[in-house]
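J.: One structure, pasted below without further comment.
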Amino acid sequence: MVVMSVGNGSMPMRWVEPGRCVVNVSDGALENCNGRYEKRLADLSGLYANQMAFDSLLRESGNPVVYSVEDYRLSSKPGDLIFGLTSMAPGYVGDEFFLTRGHIHAEADRPEIYYGQNGDGLMLMESPDGESRIVEIRPRTICYVPPFWIHRSVNVGHENFVMTFVYPADSGQDYEIIARSGGMKQRIVRTESSGWKAVPNENYRPRTADAVQRISKGVA
Ligand SMILES: [Fe+2]
């Protein structure tokens, strides 16, 4: 820790140390991270349209890790940043590609940047009033997730989909916003030509005007 004196010389001031993290793409690891979590298939029950396919994959696969997140966070103070690495295995449940749980930031006006490191994937985004946007992400693609957009990543490739990310440290995450609406408005499924397409989620329930106003803090 670097210690310096402030102008009046009465109190020493402690400055936060600069950080350095190295991305290990093949292991989906962030060297020198100080946080980590992973989601196994069983943790993602209820996200996919085809529950029978989910149950059968879970039985056959031995509950593999679907994605992991490693991050570097020193505080949750306004003005600070949290950054990290996310890595998601390839696969599908029925015809639906592996995806993350997804969230909106608890402080919903906080944005996020994702940067593709490996594989082929998508950022599926949804505004509180039900607009959908999809950004394709490959290595060296930067994806900007603006304030107020719900976001979830999807692996539409054949290898691990790896991205780095950075967001304001006081963002927080609300994971329940998606469940409260019966999922996101669109699902990402395989096509017969091994590509992907977005299809409507039949369980989706639009948010009320009041809910949209509450989430968007009057901006919408
Ligand atoms: Fe986020």
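How things are named: the first chain in the structure tokens is A, the next is B, and so on; residues count from 1 in each chain; ligands count from 1 in the order shown.
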List the spatial neighbours of Pro64 (chain A) as a ChimeraX atom specification - criterion: any atom at most 12 Å away, only C-alpha atoms, same-chain residues fewer than 5 positions off excluded.

T.: /A:38-44,57-59,88-91,98

J.: Only N, CA, C and O atoms, please: the residues just picked out, written as an mmCIF file, in the first residue's frame.

T.:
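Generated file (out-v3.cif):
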data_model
loop_
_atom_site.group_PDB
_atom_site.id
_atom_site.type_symbol
_atom_site.label_atom_id
_atom_site.label_comp_id
_atom_site.auth_asym_id
_atom_site.auth_seq_id
_atom_site.Cartn_x
_atom_site.Cartn_y
_atom_site.Cartn_z
ATOM 1 N N GLU A 38 -19.293 -20.287 -10.009
ATOM 2 C CA GLU A 38 -19.606 -21.071 -11.201
ATOM 3 C C GLU A 38 -21.052 -21.528 -11.114
ATOM 4 O O GLU A 38 -21.620 -21.630 -10.017
ATOM 5 N N LYS A 39 -21.624 -21.771 -12.271
ATOM 6 C CA LYS A 39 -22.986 -22.290 -12.344
ATOM 7 C C LYS A 39 -22.948 -23.638 -13.050
ATOM 8 O O LYS A 39 -22.453 -23.741 -14.179
ATOM 9 N N ARG A 40 -23.476 -24.638 -12.363
ATOM 10 C CA ARG A 40 -23.616 -25.957 -12.976
ATOM 11 C C ARG A 40 -24.994 -26.076 -13.602
ATOM 12 O O ARG A 40 -25.879 -25.270 -13.330
ATOM 13 N N LEU A 41 -25.154 -27.093 -14.421
ATOM 14 C CA LEU A 41 -26.421 -27.247 -15.145
ATOM 15 C C LEU A 41 -27.617 -27.226 -14.197
ATOM 16 O O LEU A 41 -28.622 -26.565 -14.460
ATOM 17 N N ALA A 42 -27.505 -27.923 -13.069
ATOM 18 C CA ALA A 42 -28.642 -27.998 -12.139
ATOM 19 C C ALA A 42 -29.025 -26.623 -11.605
ATOM 20 O O ALA A 42 -30.183 -26.389 -11.240
ATOM 21 N N ASP A 43 -28.049 -25.703 -11.535
ATOM 22 C CA ASP A 43 -28.344 -24.346 -11.056
ATOM 23 C C ASP A 43 -29.213 -23.568 -12.035
ATOM 24 O O ASP A 43 -29.726 -22.504 -11.695
ATOM 25 N N LEU A 44 -29.312 -24.065 -13.270
ATOM 26 C CA LEU A 44 -29.964 -23.298 -14.330
ATOM 27 C C LEU A 44 -31.333 -23.871 -14.689
ATOM 28 O O LEU A 44 -31.908 -23.546 -15.730
ATOM 29 N N LEU A 57 -30.774 -34.207 -20.021
ATOM 30 C CA LEU A 57 -29.371 -33.812 -20.129
ATOM 31 C C LEU A 57 -28.701 -33.844 -18.750
ATOM 32 O O LEU A 57 -27.551 -34.279 -18.613
ATOM 33 N N LEU A 58 -29.424 -33.412 -17.741
ATOM 34 C CA LEU A 58 -28.868 -33.411 -16.386
ATOM 35 C C LEU A 58 -28.544 -34.834 -15.929
ATOM 36 O O LEU A 58 -27.491 -35.092 -15.344
ATOM 37 N N ARG A 59 -29.446 -35.753 -16.228
ATOM 38 C CA ARG A 59 -29.205 -37.161 -15.858
ATOM 39 C C ARG A 59 -27.996 -37.722 -16.588
ATOM 40 O O ARG A 59 -27.162 -38.419 -16.001
ATOM 41 N N MET A 88 -18.035 -19.742 -20.810
ATOM 42 C CA MET A 88 -19.208 -20.621 -20.895
ATOM 43 C C MET A 88 -18.957 -21.763 -21.865
ATOM 44 O O MET A 88 -18.497 -21.546 -22.993
ATOM 45 N N ALA A 89 -19.287 -22.971 -21.430
ATOM 46 C CA ALA A 89 -19.109 -24.159 -22.275
ATOM 47 C C ALA A 89 -20.095 -24.110 -23.446
ATOM 48 O O ALA A 89 -21.143 -23.471 -23.360
ATOM 49 N N PRO A 90 -19.772 -24.809 -24.537
ATOM 50 C CA PRO A 90 -20.749 -24.954 -25.632
ATOM 51 C C PRO A 90 -21.766 -26.034 -25.280
ATOM 52 O O PRO A 90 -21.469 -26.963 -24.532
ATOM 53 N N GLY A 91 -22.967 -25.897 -25.821
ATOM 54 C CA GLY A 91 -23.971 -26.947 -25.609
ATOM 55 C C GLY A 91 -25.360 -26.401 -25.776
ATOM 56 O O GLY A 91 -25.559 -25.198 -25.985
ATOM 57 N N PHE A 98 -26.780 -22.979 -24.656
ATOM 58 C CA PHE A 98 -26.403 -22.655 -23.281
ATOM 59 C C PHE A 98 -26.378 -21.132 -23.109
ATOM 60 O O PHE A 98 -25.929 -20.401 -24.001
#

J.: Counting only C-alpha atoms and all ligand atoms, what residues are within 12 Å of ligand 1, given as JSON, numbers by chain?

T.: {"A": [69, 82, 83, 84, 86, 100, 101, 102, 103, 104, 105, 106, 107, 108, 109, 110, 111, 112, 113, 114, 123, 124, 125, 143, 144, 145, 146, 147, 148, 149, 150, 151, 152, 153, 164, 165, 166, 167, 168, 169, 170, 171, 172, 173, 174, 175]}

J.: Going by DSSP on the backbone, which residues of region 8-205 of chain A come out as strand (DSSP E)? List them as number ranges by chain.

T.: A: 12-15, 22-24, 29-31, 35-40, 65-72, 81-88, 92-93, 96-97, 112-118, 121-126, 132-137, 142-145, 150-155, 161-168, 186-190, 196-200

J.: Using only C-alpha atoms, which of the listed residues (A:Glu176, A:Glu159, A:Glu126, A:Asp95) sits closest to Trp196 (chain A)?

T.: A:Asp95

J.: Apply DSSP to the backbone of this structure and, from region 12-181 of chain A, keep only the residues in alpha helix (DSSP H); write these as an mmCIF file with C-alpha atoms, in the first residue's frame.

T.:
data_model
loop_
_atom_site.group_PDB
_atom_site.id
_atom_site.type_symbol
_atom_site.label_atom_id
_atom_site.label_comp_id
_atom_site.auth_asym_id
_atom_site.auth_seq_id
_atom_site.Cartn_x
_atom_site.Cartn_y
_atom_site.Cartn_z
ATOM 1 C CA GLN A 51 -37.801 -29.048 -19.249
ATOM 2 C CA MET A 52 -37.811 -32.702 -20.351
ATOM 3 C CA ALA A 53 -34.680 -32.126 -22.414
ATOM 4 C CA PHE A 54 -33.144 -30.344 -19.440
ATOM 5 C CA ASP A 55 -33.918 -33.205 -17.043
ATOM 6 C CA SER A 56 -32.566 -35.780 -19.461
ATOM 7 C CA LEU A 57 -29.371 -33.812 -20.129
ATOM 8 C CA LEU A 58 -28.868 -33.411 -16.386
ATOM 9 C CA ARG A 59 -29.205 -37.161 -15.858
ATOM 10 C CA GLU A 60 -26.849 -38.017 -18.698
ATOM 11 C CA SER A 61 -24.219 -35.332 -18.236
ATOM 12 C CA GLU A 176 -34.986 -12.110 -10.510
ATOM 13 C CA ILE A 177 -36.199 -9.570 -13.055
ATOM 14 C CA ILE A 178 -36.079 -12.247 -15.767
ATOM 15 C CA ALA A 179 -37.911 -14.887 -13.725
ATOM 16 C CA ARG A 180 -40.630 -12.377 -12.811
#

J.: What lies within 9 Å of Arg205 (chain A) using only C-alpha atoms, ignoring chain neighbours under 6 positions off, as a CSV table (one decimal) with N, CA and C atoms, in the first residue's frame?

T.:
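Listed below is the output, result20.csv:
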chain,number,residue,atom,x,y,z
A,180,ARG,N,-39.3,-13.0,-13.1
A,180,ARG,CA,-40.6,-12.4,-12.8
A,180,ARG,C,-41.4,-12.2,-14.1
A,181,SER,N,-40.8,-12.2,-15.3
A,181,SER,CA,-41.5,-12.0,-16.5
A,181,SER,C,-41.6,-13.4,-17.3
A,182,GLY,N,-41.3,-14.5,-16.6
A,182,GLY,CA,-41.4,-15.8,-17.3
A,182,GLY,C,-40.2,-16.0,-18.3
A,183,GLY,N,-39.1,-15.3,-18.1
A,183,GLY,CA,-38.0,-15.4,-19.0
A,183,GLY,C,-37.8,-14.2,-19.8
A,184,MET,N,-36.8,-14.2,-20.6
A,184,MET,CA,-36.6,-13.0,-21.6
A,184,MET,C,-37.6,-13.2,-22.7
A,185,LYS,N,-37.8,-12.1,-23.4
A,185,LYS,CA,-38.8,-12.2,-24.5
A,185,LYS,C,-38.4,-13.1,-25.7

J.: Which of these, A:Leu81, A:Ala198, A:Leu99, A:Val22, has the shortest distance to Ser132 (chain A) once you count only C-alpha atoms?

T.: A:Ala198

J.: Mind giving me the straight-line distance from CA of Val199 (chain A) to CA of Glu136 (chain A) in Å, one decimal?

T.: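 So the two atoms, CA of Val199 (chain A) and CA of Glu136 (chain A), lie 16.1 Å apart.
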
J.: Give the answer as one residue: which of A:Val135, A:Met13, A:Ala49, A:Val65 has the shortest atom-to-atom distance to Tyr37 (chain A), using only C-alpha atoms?

T.: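 When distances to Tyr37 (chain A) are compared using only C-alpha atoms, the smallest one comes from A:Val65.
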
J.: Excluding Asn118 (chain A) and its own-chain neighbours fewer than 4 positions away, which residues fall within 12 Å of it when counting only C-alpha atoms? Please give them as a list in words.

T.: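 Neighbouring residues, sequence-local ones excluded: Val23, Asn24, Val25, Ser26, Asp27, Gly28, Leu85, Thr86, Ser87, Met88, Ala89, Pro90, Ile137, Arg138, Pro139, Arg140, Thr141, Asn155, Val156, Gly157, His158, Glu159, Asn160, Phe161, Val162, Met163 and Thr164 of chain A.
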